[in-house]
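start-v4.txt (compact mmCIF, C-alpha atoms) appears below.
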```
# COMPACT_ATOMS: atom_id res chain seq x y z
CA MET O 19 -9.94 50.64 38.61
CA LEU O 20 -13.45 51.57 37.57
CA GLU O 21 -12.61 50.52 34.04
CA ASP O 22 -11.38 47.15 35.28
CA GLY O 23 -14.67 46.71 37.11
CA ASN O 24 -16.60 47.54 33.97
CA LEU O 25 -14.54 45.08 31.98
CA VAL O 26 -15.23 42.27 34.44
CA PHE O 27 -18.91 43.20 34.48
CA ALA O 28 -19.02 43.14 30.69
CA ALA O 29 -17.26 39.77 30.59
CA SER O 30 -19.72 38.30 33.12
CA ILE O 31 -22.71 39.61 31.21
CA ILE O 32 -21.43 38.27 27.90
CA LEU O 33 -20.69 34.83 29.34
CA MET O 34 -24.00 34.62 31.22
CA THR O 35 -25.90 35.70 28.11
CA ALA O 36 -24.06 33.09 26.04
CA ALA O 37 -24.84 30.40 28.64
CA THR O 38 -28.56 31.20 28.73
CA TYR O 39 -28.84 31.52 24.96
CA PHE O 40 -27.00 28.24 24.47
CA THR O 41 -29.59 26.43 26.61
CA ARG O 42 -32.50 28.17 24.86
CA ALA O 43 -31.32 27.42 21.34
CA GLY O 44 -29.35 24.19 21.88
CA GLY O 45 -32.25 21.80 22.41
CA LEU O 46 -34.00 22.81 19.22
CA PHE O 47 -30.71 22.80 17.31
CA ILE O 48 -30.00 19.20 18.29
CA ILE O 49 -33.55 17.99 17.59
CA SER O 50 -33.62 19.77 14.22
CA LYS O 51 -30.62 17.69 13.09
CA ILE O 52 -32.42 14.44 13.86
CA THR O 53 -35.12 12.75 11.79
CA PRO O 54 -37.42 11.76 14.62
CA THR O 55 -38.40 8.13 14.94
CA PRO O 56 -41.87 7.36 16.39
CA ARG O 57 -40.13 6.80 19.70
CA ILE O 58 -38.48 10.24 19.68
CA ARG O 59 -41.81 11.81 18.69
CA ALA O 60 -43.54 10.05 21.58
CA PHE O 61 -40.79 11.34 23.88
CA LEU O 62 -41.24 14.92 22.65
CA ASN O 63 -45.03 14.65 22.91
CA HIS O 64 -44.79 13.68 26.57
CA VAL O 65 -42.12 16.20 27.59
CA PRO O 66 -44.35 19.31 27.90
CA ALA O 67 -46.84 17.91 30.42
CA SER O 68 -44.01 16.14 32.26
CA ILE O 69 -42.13 19.42 32.65
CA LEU O 70 -45.29 21.10 33.95
CA VAL O 71 -45.70 18.29 36.51
CA ALA O 72 -42.03 18.65 37.43
CA ILE O 73 -42.47 22.41 38.00
CA ILE O 74 -45.67 22.05 40.03
CA VAL O 75 -44.73 19.19 42.37
CA PRO O 76 -41.64 20.81 43.98
CA ASN O 77 -43.51 24.15 44.12
CA LEU O 78 -46.24 22.55 46.22
CA ALA O 79 -44.07 20.07 48.12
CA GLU O 80 -42.89 22.54 50.73
CA LYS O 81 -46.23 24.32 51.10
CA GLY O 82 -49.15 23.90 53.47
CA PRO O 83 -52.91 23.30 53.47
CA ALA O 84 -53.75 26.76 52.04
CA GLU O 85 -51.74 25.98 48.91
CA PHE O 86 -52.95 22.39 48.60
CA ILE O 87 -56.62 23.38 48.83
CA SER O 88 -56.12 26.30 46.43
CA ALA O 89 -54.32 24.02 43.98
CA ALA O 90 -57.19 21.52 44.07
CA ILE O 91 -59.76 24.26 43.48
CA THR O 92 -57.64 25.79 40.70
CA ALA O 93 -57.43 22.39 39.01
CA ALA O 94 -61.19 21.93 39.32
CA ALA O 95 -61.74 25.42 37.85
CA ALA O 96 -59.45 24.53 34.93
CA VAL O 97 -61.40 21.32 34.30
CA PHE O 98 -64.78 23.07 34.27
CA THR O 99 -63.95 26.40 32.61
CA ARG O 100 -61.14 25.28 30.25
CA ASN O 101 -60.03 28.91 30.60
CA LEU O 102 -56.60 29.93 31.90
CA ILE O 103 -57.56 33.39 33.16
CA LEU O 104 -60.63 32.14 35.00
CA SER O 105 -58.78 29.33 36.74
CA LEU O 106 -55.87 31.64 37.60
CA LEU O 107 -58.26 34.17 39.15
CA THR O 108 -60.04 31.39 41.03
CA GLY O 109 -56.70 30.23 42.44
CA LEU O 110 -55.64 33.74 43.47
CA ILE O 111 -58.94 34.52 45.18
CA CYS O 112 -58.86 31.16 46.92
CA ILE O 113 -55.28 31.53 48.22
CA SER O 114 -55.93 35.10 49.41
CA ILE O 115 -59.03 34.09 51.36
CA LEU O 116 -57.41 30.99 52.88
CA ARG O 117 -54.28 32.88 53.93
CA ALA O 118 -56.17 35.86 55.29
CA PHE O 119 -58.82 34.05 57.30
CA ILE O 120 -57.91 30.45 57.91
CA PHE O 121 -54.25 29.46 57.74
CA MET N 21 -49.66 6.10 17.78
CA LYS N 22 -49.47 6.85 14.08
CA THR N 23 -47.03 4.74 12.14
CA SER N 24 -46.01 7.66 9.95
CA THR N 25 -42.73 9.38 10.78
CA ASN N 26 -43.90 12.47 8.93
CA ASN N 27 -43.94 15.37 11.35
CA SER N 28 -46.40 17.62 9.53
CA PRO N 29 -49.94 16.63 10.37
CA GLY N 30 -52.29 18.88 8.43
CA THR N 31 -51.35 22.35 7.30
CA ARG N 32 -47.95 24.00 7.34
CA VAL N 33 -46.79 26.11 10.25
CA ILE N 34 -46.78 29.85 9.58
CA PHE N 35 -45.23 32.81 11.41
CA SER N 36 -47.48 35.86 11.24
CA GLY N 37 -47.82 39.25 12.88
CA LYS N 38 -51.29 38.24 13.97
CA GLY N 39 -49.80 35.24 15.75
CA ILE N 40 -47.22 37.44 17.46
CA ALA N 41 -49.95 39.82 18.64
CA GLU N 42 -52.11 36.97 19.94
CA GLY N 43 -49.20 35.43 21.83
CA PHE N 44 -48.37 38.79 23.35
CA LEU N 45 -51.93 39.47 24.48
CA LYS N 46 -52.56 36.00 25.86
CA CYS N 47 -49.35 36.21 27.88
CA ILE N 48 -50.19 39.50 29.64
CA PRO N 49 -51.61 37.86 32.80
CA LEU N 50 -48.37 35.92 33.14
CA GLY N 51 -46.43 39.09 32.35
CA ILE N 52 -48.06 40.79 35.33
CA GLY N 53 -46.82 37.99 37.58
CA VAL N 54 -43.35 38.28 36.07
CA PHE N 55 -43.51 42.05 36.64
CA ALA N 56 -43.83 41.47 40.39
CA TYR N 57 -40.69 39.35 40.42
CA GLY N 58 -38.88 41.81 38.13
CA ILE N 59 -39.40 44.53 40.73
CA VAL N 60 -37.97 42.22 43.39
CA PHE N 61 -34.96 41.55 41.17
CA GLY N 62 -34.38 45.27 40.56
CA VAL N 63 -34.52 46.07 44.26
CA LEU N 64 -32.26 43.18 45.28
CA ALA N 65 -29.78 43.89 42.46
CA VAL N 66 -29.19 47.43 43.74
CA GLN N 67 -28.94 46.14 47.29
CA ALA N 68 -26.35 43.59 46.10
CA GLY N 69 -24.21 46.41 44.73
CA MET N 70 -25.22 46.75 41.09
CA SER N 71 -26.00 50.11 39.56
CA PRO N 72 -29.51 50.47 38.10
CA LEU N 73 -27.92 50.53 34.65
CA GLN N 74 -26.08 47.28 35.28
CA ALA N 75 -29.26 45.62 36.55
CA GLN N 76 -31.08 46.76 33.42
CA ILE N 77 -28.31 45.51 31.13
CA MET N 78 -28.46 42.14 32.83
CA SER N 79 -32.24 41.86 32.35
CA LEU N 80 -31.96 42.91 28.71
CA THR N 81 -29.26 40.38 27.86
CA VAL N 82 -29.35 37.42 30.26
CA PHE N 83 -33.16 37.67 30.62
CA ALA N 84 -33.66 34.71 32.94
CA GLY N 85 -35.46 35.35 36.21
CA ALA N 86 -34.33 32.48 38.39
CA SER N 87 -30.71 32.65 37.19
CA GLN N 88 -30.51 36.40 37.68
CA LEU N 89 -31.76 36.10 41.24
CA MET N 90 -29.25 33.31 41.90
CA ALA N 91 -26.47 35.39 40.34
CA LEU N 92 -27.15 38.04 42.98
CA GLU N 93 -26.16 35.53 45.64
CA LEU N 94 -22.70 35.42 44.07
CA TRP N 95 -22.47 39.15 43.35
CA ASP N 96 -19.38 40.68 44.92
CA ASP N 97 -16.79 43.45 44.49
CA HIS N 98 -14.68 40.87 42.73
CA LEU N 99 -17.07 39.10 40.42
CA PRO N 100 -16.62 35.31 40.30
CA VAL N 101 -17.10 35.24 36.54
CA LEU N 102 -16.83 31.49 36.03
CA ALA N 103 -19.01 30.62 39.01
CA LEU N 104 -21.65 33.06 37.73
CA THR N 105 -21.57 31.52 34.26
CA ALA N 106 -21.72 27.95 35.57
CA THR N 107 -24.62 28.78 37.89
CA VAL N 108 -26.62 30.46 35.16
CA PHE N 109 -25.92 27.56 32.81
CA ALA N 110 -27.00 24.91 35.31
CA VAL N 111 -30.16 26.79 36.26
CA ASN N 112 -31.15 27.09 32.60
CA LEU N 113 -30.42 23.54 31.42
CA ARG N 114 -34.16 22.85 31.55
CA HIS N 115 -34.53 25.17 28.55
CA LEU N 116 -32.72 22.61 26.36
CA LEU N 117 -35.64 20.26 26.84
CA MET N 118 -38.24 23.01 26.45
CA GLY N 119 -36.67 24.20 23.18
CA ALA N 120 -36.60 20.66 21.80
CA ALA N 121 -40.28 20.27 22.64
CA MET N 122 -41.07 23.24 20.34
CA ARG N 123 -39.93 21.19 17.35
CA ASP N 124 -43.24 21.11 15.46
CA TRP N 125 -43.43 24.91 15.39
CA LEU N 126 -39.82 25.90 14.95
CA VAL N 127 -38.06 23.38 12.72
CA GLY N 128 -39.83 24.46 9.54
CA LEU N 129 -39.15 28.20 9.93
CA THR N 130 -36.19 30.15 8.62
CA PRO N 131 -33.22 29.95 11.03
CA GLY N 132 -33.48 33.70 11.63
CA LYS N 133 -37.05 33.48 12.93
CA THR N 134 -36.35 30.31 14.91
CA TYR N 135 -33.21 31.44 16.67
CA PHE N 136 -34.45 34.98 17.25
CA SER N 137 -37.63 33.62 18.86
CA LEU N 138 -35.66 31.23 21.04
CA PHE N 139 -33.81 34.12 22.69
CA PHE N 140 -37.12 34.98 24.36
CA LEU N 141 -37.89 31.47 25.67
CA THR N 142 -39.04 31.59 29.30
CA ASP N 143 -40.85 28.99 31.44
CA GLU N 144 -44.03 31.04 31.32
CA SER N 145 -44.18 31.84 27.60
CA TRP N 146 -43.03 28.33 26.75
CA ALA N 147 -45.77 26.71 28.84
CA LEU N 148 -48.42 28.88 27.19
CA SER N 149 -47.02 28.28 23.69
CA VAL N 150 -46.51 24.55 23.96
CA ARG N 151 -50.14 24.28 25.06
CA GLU N 152 -51.27 26.27 21.98
CA MET N 153 -49.08 24.07 19.80
CA ALA N 154 -50.59 20.90 21.28
CA SER N 155 -54.11 22.21 20.75
CA GLY N 156 -53.46 22.57 17.03
CA ARG N 157 -52.51 26.21 16.44
CA LYS N 158 -50.28 26.48 13.38
CA ASP N 159 -48.85 29.98 13.89
CA ALA N 160 -45.41 29.94 15.53
CA GLY N 161 -45.52 33.74 15.85
CA PHE N 162 -47.42 33.03 19.07
CA PHE N 163 -44.18 31.76 20.64
CA LEU N 164 -42.25 34.95 19.84
CA GLY N 165 -45.15 37.18 20.89
CA SER N 166 -45.53 35.53 24.29
CA GLY N 167 -41.77 35.70 24.83
CA LEU N 168 -41.68 39.40 23.91
CA CYS N 169 -44.48 40.03 26.39
CA ILE N 170 -42.47 38.50 29.24
CA TYR N 171 -39.37 40.41 28.05
CA ILE N 172 -41.12 43.77 28.22
CA PHE N 173 -42.69 43.12 31.63
CA TRP N 174 -39.45 41.74 33.10
CA ASN N 175 -37.37 44.66 31.84
CA SER N 176 -39.74 47.46 32.76
CA ALA N 177 -40.08 45.94 36.23
CA THR N 178 -36.30 45.66 36.58
CA GLY N 179 -35.97 49.36 35.74
CA LEU N 180 -38.70 50.34 38.17
CA GLY N 181 -37.31 48.20 40.99
CA ALA N 182 -33.71 49.32 40.47
CA THR N 183 -34.32 53.05 40.15
CA MET N 184 -36.88 53.33 42.92
CA SER N 185 -35.52 50.58 45.13
CA SER N 186 -35.74 52.46 48.42
CA LEU N 187 -39.30 53.54 47.75
CA VAL N 188 -40.47 50.25 46.26
CA ASP N 189 -38.79 48.18 48.92
CA ARG N 190 -40.96 49.71 51.62
CA TYR N 191 -44.23 48.73 49.95
CA PHE N 192 -43.37 45.75 47.85
CA ARG N 193 -40.89 43.47 49.47
CA ASP N 194 -42.78 40.22 49.22
CA PRO N 195 -44.73 38.92 46.21
CA SER N 196 -46.63 36.52 48.47
CA VAL N 197 -48.83 39.50 49.32
CA LEU N 198 -51.81 39.13 46.95
CA GLY N 199 -50.91 35.46 46.50
CA LEU N 200 -48.55 36.22 43.62
CA ASP N 201 -46.17 33.46 44.66
CA PHE N 202 -49.04 31.04 44.04
CA ALA N 203 -49.95 32.59 40.67
CA PHE N 204 -47.35 30.66 38.68
CA THR N 205 -48.27 27.37 40.30
CA ALA N 206 -51.90 28.10 39.38
CA VAL N 207 -50.94 28.88 35.76
CA PHE N 208 -48.77 25.80 35.30
CA LEU N 209 -51.38 23.61 36.98
CA SER N 210 -54.17 24.92 34.72
CA LEU N 211 -52.06 24.39 31.61
CA LEU N 212 -51.31 20.87 32.79
CA ILE N 213 -55.04 20.18 33.16
CA PHE N 214 -55.52 21.30 29.55
CA PHE N 215 -52.97 18.65 28.52
CA TRP N 216 -55.12 15.89 29.97
CA LYS N 217 -56.35 13.50 27.30
CA GLY N 218 -57.03 10.34 29.24
CA LYS N 219 -55.70 8.08 31.92
CA SER N 220 -53.06 6.54 29.66
CA GLN N 221 -51.02 9.65 30.55
CA LEU N 222 -51.21 8.90 34.26
CA PRO N 223 -48.05 6.74 34.50
CA VAL N 224 -46.07 9.41 32.63
CA TRP N 225 -47.23 12.22 34.92
CA LEU N 226 -46.78 10.08 38.01
CA ILE N 227 -43.17 9.21 37.16
CA ALA N 228 -42.41 12.83 36.21
CA GLY N 229 -43.82 13.99 39.55
CA ILE N 230 -42.07 11.36 41.66
CA VAL N 231 -38.70 11.93 39.99
CA ALA N 232 -39.07 15.72 40.27
CA TRP N 233 -39.97 15.43 43.94
CA LEU N 234 -37.08 13.07 44.76
CA VAL N 235 -34.56 15.23 42.87
CA PHE N 236 -35.93 18.33 44.58
CA LEU N 237 -35.28 16.70 47.97
CA VAL N 238 -31.66 15.92 47.06
CA ILE N 239 -30.42 18.70 44.74
CA PRO N 240 -31.40 22.36 45.11
CA GLY N 241 -32.13 24.56 42.10
CA LYS N 242 -33.95 23.60 38.95
CA TRP N 243 -32.61 20.09 38.35
CA SER N 244 -35.98 18.65 39.37
CA ILE N 245 -37.58 20.23 36.31
CA ILE N 246 -35.23 18.83 33.69
CA LEU N 247 -34.89 15.39 35.31
CA GLY N 248 -38.63 15.08 35.96
CA GLY N 249 -39.36 16.20 32.40
CA LEU N 250 -36.84 13.72 30.97
CA ALA N 251 -38.23 10.87 33.08
CA GLY N 252 -41.79 11.56 31.94
CA GLY N 253 -40.69 11.79 28.31
CA ILE N 254 -38.81 8.50 28.51
CA VAL N 255 -41.73 6.68 30.11
CA GLY N 256 -43.99 8.10 27.39
CA ALA N 257 -41.62 6.97 24.66
CA LEU N 258 -41.35 3.45 26.09
CA ARG N 259 -45.11 3.06 26.41
CA ASN N 260 -46.20 4.61 23.13
CA ALA N 261 -43.65 3.44 20.62
```

Would you put the structure from the file into structure tokens?
Amino acid sequence: MLEDGNLVFAASIILMTAATYFTRAGGLFIISKITPTPRIRAFLNHVPASILVAIIVPNLAEKGPAEFISAAITAAAAVFTRNLILSLLTGLICISILRAFIF
Amino acid sequence: MKTSTNNSPGTRVIFSGKGIAEGFLKCIPLGIGVFAYGIVFGVLAVQAGMSPLQAQIMSLTVFAGASQLMALELWDDHLPVLALTATVFAVNLRHLLMGAAMRDWLVGLTPGKTYFSLFFLTDESWALSVREMASGRKDAGFFLGSGLCIYIFWNSATGLGATMSSLVDRYFRDPSVLGLDFAFTAVFLSLLIFFWKGKSQLPVWLIAGIVAWLVFLVIPGKWSIILGGLAGGIVGALRNA
């Protein structure tokens, strides 16, 4: 019985690993077979920032004023410092203070 | 928009140890955030009925934070193998788009380097790498190095969470302590700011955000990321070509 369980576990792991690796490698595989036209290049150039927007918006959508204010200050810090660590630290300090004392 | 279809502006892309080291080091702050969630995964995996060894094996092979946490929802004495696989696949579809966006760095490399590096693609290391790529870095080792960094933090945290779950659970149940839940939003937001080149991008970002928000309201999971990303890319292609 234990061996059956191990077998099913192994099968799940192998299939899940294959599924994740397929998604990681598949996009590049497809694009590497295509000679990109200017239009495809423009598409690829705009995908990274679009994905970042698409990660951030739902993350903030269900949050409250503490997160909105911290996000605005983080963005301002990124504009002025152009430094990831500094703007990340600014955001973390900001959210901690707002959550602890205000919201 | 340049009229040339040549994809190699300037020098060739290389893949060096120095690049790997730089990617690894630059990714450490993100690795610390991932570490917090790795502990949560380890604790929850044991609570869901996995052995610490099984949890570790899963983090070493599947290596996908959101999908692993969703897999725990389905974890049972009788594993629903196909449902697990389908869930993991759907959650990770966004990586297809992310991998494609790494074209300029990865297409010129040997297949071994390319497809080994892609095993370590995560949202966090991808976001950092694609920003480096856009800012003109020509060393694709950065992408592998940042991925390895996340891999090491995620796996050591899984081990810690799974083996010391009862102890850890008491002190570290919720990453929102210390604002860690906000950390990734702050990172992605900062990287987005660095992508800003001028207000011609505004329609692209606006459409990406609106589509992501609408999809998020209708379909749970990560569909908002891939559909928002696709929408932005399509708007960009229509405007610029």

Taking into account all atoms listed in the file, which residue in the set N:Leu187, N:Ala147, N:Ile172, N:Ala120 is nearest to Ile58 of chain O?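 Among the listed residues, the smallest separation from Ile58 of chain O belongs to N:Ala120.
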
Find the residue from O:Leu62, O:Leu107, O:Ile120, O:Ile87 that sits nearest to chain N; use only C-alpha atoms when measuring. O:Leu62

Identify, on the basis of all atoms listed in the file, every residue whose closest approach to segment 33-49 of chain O does not exceed 6 Å; exclude the query and any residue fewer than 6 positions from it along the same chain; express the result as a PyMOL selection string. chain N and resi 81-82+105+109+113+115-117+119-120+138

Residue neighbourhood segment 86-97 of chain N, 10 Å, only C-alpha atoms, exclusion window fewer than 5 positions, as a ChimeraX atom specification: /O:23,34,38 /N:57-58,60-62,64-70,75,78-79,103-105,107-112,241-242

Can you tell me, as a count of residues only, what residues are no more than 12 Å from Leu116 of chain O when counting only C-alpha atoms, ignoring any on the same chain fewer than 4 positions away? 17

With only C-alpha atoms as the basis for distance, which of O:Ile115, O:Leu104, O:Ala94, O:Ile73 is at the shortest distance from chain N?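 That would be O:Ile73, the residue with the smallest distance to chain N.
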
Which residue gives the smallest distance to chain O among N:Ser210, N:Ser166, N:Ser220, N:Ser149, with all atoms listed in the file counted? N:Ser210

Name the residues in contact with Ser105 of chain O at a cut-off of 6 Å, using all atoms listed in the file, excluding same-chain residues fewer than 6 positions from it; report them as a list in words.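 Surrounding residues, per the criterion: Thr92, Ala95 and Ala96 of chain O.
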
Write out as a PyMOL selection string which residues come within 9 Å of Ile245 of chain N when counting all atoms listed in the file, dropping same-chain ones fewer than 6 positions away. (chain O and resi 68-73+76) or (chain N and resi 114+228+232+235-236)

For each of O:Asn101, O:Lys81, O:Ala60, O:Thr108, take the minimum atom-to-atom distance to chain N, counting all atoms listed in the file, then give the residue where this is smallest.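 Once distances to chain N are computed over all atoms listed in the file, the minimum belongs to O:Ala60.
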
If you take every atom of segment 36-48 of chain O that the file lists and fit an axis-aligned box around them with 4 Å extra on each side, what centre and edge lengths come out in Å to one decimal, as JSON?
```
{"center_x": -29.0, "center_y": 26.1, "center_z": 23.0, "size_x": 17.9, "size_y": 21.9, "size_z": 19.4}
```

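Taking atom CA of Phe44 of chain N and atom CA of Cys169 of chain N as the two end points, the separation is 5.1 Å.
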
Would you work out the distance separating atom CA of Pro49 of chain N from atom CA of Phe83 of chain N, expressed in Å to one decimal? 18.6 Å

Please determine, counting all atoms listed in the file, which residue among N:Leu234, N:Ala182, N:Met118, N:Ala41 has the shortest atom-to-atom distance to Ala79 of chain O. N:Leu234

Have a look at atom CA of Pro56 of chain O and atom CA of Gly256 of chain N and let me know their distance in Å, one decimal.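 So the answer is 11.2 Å.
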